[in-house]
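run_35.txt follows; it contains compact mmCIF, C-alpha atoms.
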# COMPACT_ATOMS: atom_id res chain seq x y z
CA MET A 1 0.00 0.00 0.00
CA ALA A 2 1.42 3.36 -1.01
CA GLY A 3 1.11 6.31 1.28
CA PHE A 4 -1.68 8.81 0.93
CA GLU A 5 -0.65 11.61 -1.41
CA TYR A 6 -1.68 15.14 -2.23
CA ARG A 7 -3.07 13.93 -5.56
CA GLN A 8 -5.33 11.48 -3.74
CA ALA A 9 -6.50 14.17 -1.36
CA LEU A 10 -7.51 16.20 -4.40
CA GLU A 11 -9.24 13.16 -5.87
CA ILE A 12 -11.25 12.67 -2.67
CA ARG A 13 -12.21 16.32 -2.63
CA ASP A 14 -13.25 16.30 -6.28
CA ALA A 15 -15.03 12.93 -6.29
CA PHE A 16 -16.93 13.73 -3.11
CA ALA A 17 -17.91 17.11 -4.55
CA ARG A 18 -19.15 15.48 -7.78
CA HIS A 19 -21.35 13.16 -5.77
CA ASP A 20 -22.41 15.83 -3.24
CA VAL A 21 -21.04 13.83 -0.32
CA ARG A 22 -21.26 15.71 2.98
CA TYR A 23 -18.15 14.88 5.00
CA LEU A 24 -15.34 16.39 7.01
CA PHE A 25 -11.71 15.49 7.46
CA ILE A 26 -11.18 14.64 11.11
CA GLY A 27 -8.43 13.17 13.26
CA LYS A 28 -4.79 13.72 12.58
CA SER A 29 -5.32 13.96 8.81
CA GLY A 30 -7.71 16.85 9.46
CA ALA A 31 -5.22 18.54 11.75
CA ILE A 32 -2.50 18.13 9.12
CA LEU A 33 -4.69 19.85 6.54
CA LEU A 34 -5.02 22.73 9.01
CA GLY A 35 -1.23 22.95 9.20
CA TYR A 36 -0.39 20.67 12.11
CA PRO A 37 3.07 19.22 11.54
CA ASP A 38 2.90 15.51 12.26
CA THR A 39 2.70 12.21 10.44
CA THR A 40 -0.08 9.75 9.77
CA GLN A 41 -0.88 7.16 7.16
CA ASP A 42 -4.60 7.24 6.57
CA ALA A 43 -7.36 9.70 5.81
CA ASP A 44 -9.98 9.95 8.56
CA LEU A 45 -13.31 11.07 7.16
CA PHE A 46 -16.45 11.97 9.11
CA PRO A 47 -19.38 11.56 6.72
CA GLU A 48 -22.89 12.68 7.52
CA ARG A 49 -25.03 9.64 8.29
CA SER A 50 -28.06 9.57 6.01
CA PRO A 51 -29.23 7.10 3.37
CA GLY A 52 -28.65 9.55 0.53
CA ASN A 53 -25.22 10.54 1.74
CA GLY A 54 -24.29 6.89 2.22
CA ARG A 55 -25.20 6.07 -1.37
CA ALA A 56 -23.29 9.10 -2.61
CA LEU A 57 -20.29 8.08 -0.51
CA VAL A 58 -20.24 4.58 -1.98
CA ALA A 59 -20.46 5.97 -5.50
CA ALA A 60 -17.62 8.39 -4.80
CA LEU A 61 -15.42 5.66 -3.31
CA ARG A 62 -16.04 3.47 -6.36
CA ASP A 63 -15.06 6.41 -8.57
CA LEU A 64 -11.82 6.49 -6.59
CA ALA A 65 -11.20 2.81 -7.48
CA PHE A 66 -12.23 1.30 -4.15
CA SER A 67 -13.53 -2.18 -5.00
CA LEU A 68 -16.45 -2.62 -2.66
CA THR A 69 -18.63 -5.71 -2.58
CA GLU A 70 -22.36 -5.21 -2.38
CA GLY A 71 -22.23 -6.23 1.28
CA GLU A 72 -19.50 -3.70 2.05
CA ALA A 73 -21.35 -0.99 0.18
CA ALA A 74 -24.47 -1.76 2.19
CA GLU A 75 -22.56 -1.38 5.46
CA ILE A 76 -21.30 2.03 4.38
CA GLU A 77 -24.74 3.08 3.20
CA ARG A 78 -26.19 2.06 6.55
CA GLY A 79 -23.65 4.29 8.20
CA LYS A 80 -22.12 1.84 10.65
CA ASP A 81 -20.31 3.82 13.32
CA PHE A 82 -16.85 2.93 12.05
CA VAL A 83 -15.69 1.55 8.71
CA GLN A 84 -12.06 0.88 7.95
CA ILE A 85 -10.91 0.22 4.38
CA ARG A 86 -7.43 -1.12 3.77
CA SER A 87 -8.04 -2.61 0.34
CA GLY A 88 -8.32 0.50 -1.77
CA PRO A 89 -5.84 2.84 -3.44
CA PHE A 90 -5.16 4.40 -0.02
CA ASP A 91 -6.13 3.73 3.59
CA VAL A 92 -9.30 5.40 4.76
CA ASP A 93 -11.32 5.33 7.97
CA LEU A 94 -14.97 6.38 7.80
CA VAL A 95 -16.04 7.58 11.22
CA PHE A 96 -19.80 8.11 11.20
CA ALA A 97 -20.03 8.69 14.94
CA PRO A 98 -16.78 10.12 16.28
CA ASP A 99 -16.33 10.22 20.02
CA GLY A 100 -16.88 13.63 21.54
CA ILE A 101 -19.00 15.14 18.75
CA GLU A 102 -22.76 15.13 19.22
CA ARG A 103 -24.01 15.78 15.71
CA PHE A 104 -22.54 16.08 12.24
CA THR A 105 -24.45 19.32 11.68
CA ASP A 106 -22.72 20.93 14.69
CA ALA A 107 -19.28 20.02 13.36
CA TRP A 108 -20.30 21.08 9.85
CA ALA A 109 -21.30 24.51 11.13
CA ARG A 110 -17.85 24.90 12.70
CA ARG A 111 -15.90 23.48 9.76
CA VAL A 112 -12.82 25.09 8.27
CA ASP A 113 -12.30 25.25 4.52
CA VAL A 114 -8.70 24.51 3.51
CA GLU A 115 -8.31 24.97 -0.23
CA GLY A 116 -11.67 23.31 -0.80
CA PHE A 117 -11.16 20.55 1.79
CA PRO A 118 -13.85 20.58 4.50
CA VAL A 119 -12.05 20.06 7.80
CA CYS A 120 -13.30 19.78 11.37
CA HIS A 121 -12.48 22.74 13.58
CA PRO A 122 -9.42 22.02 15.75
CA ASP A 123 -11.67 22.07 18.83
CA ASP A 124 -13.71 19.19 17.38
CA ILE A 125 -10.58 17.22 16.50
CA ILE A 126 -9.36 17.70 20.05
CA ALA A 127 -12.78 16.81 21.50
CA SER A 128 -12.84 13.53 19.59
CA LYS A 129 -9.32 12.58 20.62
CA THR A 130 -9.98 13.56 24.22
CA ALA A 131 -13.10 11.40 24.33
CA ALA A 132 -11.38 8.47 22.61
CA ASN A 133 -8.73 8.56 25.33
CA ARG A 134 -6.36 6.08 23.77
CA VAL A 135 -2.70 5.94 24.66
CA LYS A 136 -1.74 7.50 21.33
CA ASP A 137 -4.30 10.28 21.84
CA ARG A 138 -3.00 11.05 25.31
CA GLU A 139 0.48 11.34 23.86
CA SER A 140 -0.51 13.65 21.02
CA LEU A 141 -3.01 15.92 22.77
CA PRO A 142 -0.64 18.39 24.47
CA ARG A 143 1.02 19.25 21.16
CA LEU A 144 -2.31 19.30 19.33
CA ARG A 145 -3.76 21.70 21.94
CA ALA A 146 -0.72 23.93 21.52
CA PHE A 147 -1.29 23.89 17.77
CA ARG A 148 -4.96 24.81 18.30
CA ASP A 149 -3.85 27.89 20.29
CA TYR A 150 -1.34 28.79 17.60
CA TRP A 151 -3.89 28.28 14.81
CA ILE A 152 -6.54 30.40 16.54
CA ALA A 153 -4.03 33.19 17.17
CA ARG A 154 -3.16 33.15 13.46
CA GLN A 155 -6.83 33.38 12.47
CA LYS A 156 -7.19 36.48 14.63
CA ALA A 157 -4.00 38.14 13.37
CA MET B 1 -6.09 51.57 26.84
CA GLU B 2 -4.31 49.47 24.29
CA ALA B 3 -4.84 45.78 24.70
CA THR B 4 -1.71 43.87 25.51
CA LYS B 5 -0.95 40.69 23.61
CA THR B 6 -0.69 37.58 25.71
CA PRO B 7 2.16 35.46 24.43
CA LEU B 8 1.19 31.89 23.62
CA ALA B 9 2.43 29.41 26.17
CA ILE B 10 3.84 27.07 23.55
CA PRO B 11 7.23 25.38 23.90
CA SER B 12 9.68 27.09 21.58
CA ASP B 13 10.52 23.95 19.59
CA TRP B 14 6.82 23.27 18.92
CA LEU B 15 6.27 26.89 17.96
CA ALA B 16 9.17 26.68 15.52
CA ASP B 17 7.59 23.55 13.99
CA PHE B 18 4.21 25.26 13.65
CA GLU B 19 5.76 28.34 12.06
CA ALA B 20 7.78 26.23 9.62
CA ALA B 21 4.70 24.19 8.67
CA SER B 22 2.65 27.34 8.13
CA ARG B 23 5.16 28.46 5.51
CA ARG B 24 4.84 25.25 3.51
CA PRO B 25 2.24 24.89 0.77
CA LEU B 26 -0.41 22.25 1.32
CA LEU B 27 1.16 19.89 -1.21
CA LEU B 28 4.40 19.85 0.75
CA ARG B 29 2.64 19.52 4.12
CA LEU B 30 0.83 16.43 2.89
CA ARG B 31 3.96 14.99 1.31
CA TYR B 32 5.77 15.23 4.63
CA ALA B 33 2.81 14.07 6.71
CA PHE B 34 1.50 10.90 5.10
CA ILE B 35 3.97 8.12 5.67
CA HIS B 36 2.93 4.53 5.39
CA THR B 37 4.25 2.18 8.02
CA HIS B 38 2.82 -1.29 8.36
CA LYS B 39 0.78 -1.65 11.53
CA PRO B 40 0.43 -5.34 12.38
CA GLY B 41 -3.15 -6.40 12.82
CA LEU B 42 -4.54 -3.09 11.70
CA ASP B 43 -3.28 -3.22 8.13
CA ASP B 44 -3.76 -6.93 7.61
CA GLY B 45 -7.46 -6.79 6.82
CA GLY B 46 -9.18 -5.31 3.81
CA PHE B 47 -12.51 -4.05 5.08
CA ARG B 48 -13.91 -3.84 8.59
CA ALA B 49 -17.18 -2.34 9.76
CA PHE B 50 -18.27 -1.94 13.38
CA ASP B 51 -21.75 -1.20 14.64
CA THR B 52 -20.38 1.07 17.34
CA LEU B 53 -17.14 2.87 17.95
CA ALA B 54 -16.97 1.04 21.27
CA ASP B 55 -16.91 -2.25 19.33
CA TYR B 56 -13.99 -0.93 17.27
CA ARG B 57 -12.11 0.21 20.37
CA ALA B 58 -12.63 -3.20 21.98
CA TRP B 59 -11.44 -4.93 18.80
CA CYS B 60 -8.29 -2.79 18.81
CA GLU B 61 -7.57 -3.73 22.41
CA ARG B 62 -8.03 -7.43 21.67
CA GLN B 63 -6.27 -7.63 18.32
CA LEU B 64 -3.53 -5.03 18.21
CA PRO B 65 -0.21 -4.99 20.02
CA ALA B 66 -0.21 -2.52 22.91
CA TRP B 67 2.75 -0.61 21.51
CA LEU B 68 0.61 0.71 18.67
CA GLY B 69 -1.18 2.83 21.27
CA TYR B 70 -4.78 1.99 20.34
CA GLY B 71 -5.67 0.83 23.83
CA ARG B 72 -7.73 3.13 26.02
CA VAL B 73 -6.14 4.69 29.06

Take the structure in the file and give it back as structure tokens.
Amino acid sequence: MAGFEYRQALEIRDAFARHDVRYLFIGKSGAILLGYPDTTQDADLFPERSPGNGRALVAALRDLAFSLTEGEAAEIERGKDFVQIRSGPFDVDLVFAPDGIERFTDAWARRVDVEGFPVCHPDDIIASKTAANRVKDRESLPRLRAFRDYWIARQKA
Amino acid sequence: MEATKTPLAIPSDWLADFEAASRRPLLLRLRYAFIHTHKPGLDDGGFRAFDTLADYRAWCERQLPAWLGYGRV
């Protein structure tokens, strides 16, 4: 599996736009889009859970050359809380119900646009990692909180 | 009265990283950020779907080595 690349990020953005998929980048990949200097290997996407959005999401993923069986497509369309795909052109996690975020519409209202990429606000990324409370989240949160402060200060400048 | 700026309480090495990243175009930020390293257990399956995030977290704790950091604190 090759690493996720800028070209693939553009392809996600464009394919999801063509199919009118409502989604946000979340997790470390979202923070990286905002300018957070760190490393990761997969794209974490927070799609809105609705039948129409699920169908659009499957169509967009197939456009991106993800080979999904009918059963897999149905699980995405149903909006299972967490879907992890390691068999496509790049690694992607679909997080329909991230920890620490009540509703997609709340996060959508707070989203940040980065060159056409819809990204969760740093506060939502931090809220989800805080609620997940995994070892790796505990380790990364102090630096991520510092970045949030830096990012907010830059927005105000 | 003129408002005084409160300096950010950010360690200087982190601040230098943030400043350097902010000067890079998005293409370069992504090139530096996305690095594939094989994660045993996690990367060995093709497609996984979990009814709840709690199910996924429990699966991670059962299936993945602790050093990957996916266990809850």

Given the point (-15.4, 6.3, 22.6) in the file's coordinates, find the residues that have an atom at most 8 Å from it, counting all atoms listed in the file, and give them as a compact mmCIF listing (two decimals) with C-alpha atoms, keeping the file's coordinate frame.
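Below is the file result.txt, written as the result:
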# COMPACT_ATOMS: atom_id res chain seq x y z
CA PRO A 98 -16.78 10.12 16.28
CA ASP A 99 -16.33 10.22 20.02
CA GLY A 100 -16.88 13.63 21.54
CA ALA A 131 -13.10 11.40 24.33
CA ALA A 132 -11.38 8.47 22.61
CA ASN A 133 -8.73 8.56 25.33
CA LEU B 53 -17.14 2.87 17.95
CA ALA B 54 -16.97 1.04 21.27
CA ARG B 57 -12.11 0.21 20.37

- Item | Which residue of A:Glu72, A:Arg7, A:Ile101, A:Glu139 approaches A:His121 most closely, using all atoms listed in the file |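 With all atoms listed in the file as the atom set, the closest residue is A:Ile101.
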
- Message: Set the distance at 10 Å and use all atoms listed in the file: which residues neighbour A:Asp123 once local chain neighbours fewer than 6 positions away are removed? I'd like the list as a PyMOL selection string.
- Response: chain A and resi 107+110+129+144-145+148-149

- What would the list of residues within 7 Å of (-5.0, 0.5, 4.3) (file frame) look like as a list in words, if only C-alpha atoms are what count?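 The answer, in the requested form, is Met1, Ile85, Arg86, Ser87, Gly88, Phe90, Asp91 and Val92 of chain A; Asp43 of chain B.
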
- Item | Between atom CA of A:Ile12 and atom CA of A:Phe104, distance in Å (one decimal) |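 That distance, rounded to one decimal, is 19.0 Å.
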
- Query: Quick one: which residues from chain A are at most 9 Å off chain B, using all atoms listed in the file, as a PyMOL selection string?
  - Reply: chain A and resi 1-7+9+29+32-43+68+72+75-76+79-88+91+95-99+114-115+132-138+143+146-147+149-151+153

- Restricting the calculation to only C-alpha atoms, which member of A:Ala17, A:Gln8, A:Pro118, A:Asp124 is positioned closest to A:Asp106?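 The shortest atom-to-atom distance to A:Asp106 comes from A:Asp124.
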
- Message: Would you compute the distance between atom CA of A:Thr105 and atom CA of A:Val119? Give it in Å to one decimal.
- Response: 13.0 Å

- Task: In Å, rounded to a single decimal, give me how far atom CA of A:Cys120 is from atom CA of A:Gly27.
- Result: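 If I compute the distance from atom CA of A:Gly27 to atom CA of A:Cys120, I get 8.4 Å.
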
- Message: Show me, as a list in words, the residues that have an atom within 9 Å of A:Val58 when counting all atoms listed in the file, minus same-chain residues fewer than 4 positions from it.
- Response: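 Residues near the query, excluding close chain neighbours: Asn53, Gly54, Arg62, Asp63, Phe66, Leu68, Ala73, Ala74, Ile76 and Glu77 of chain A.
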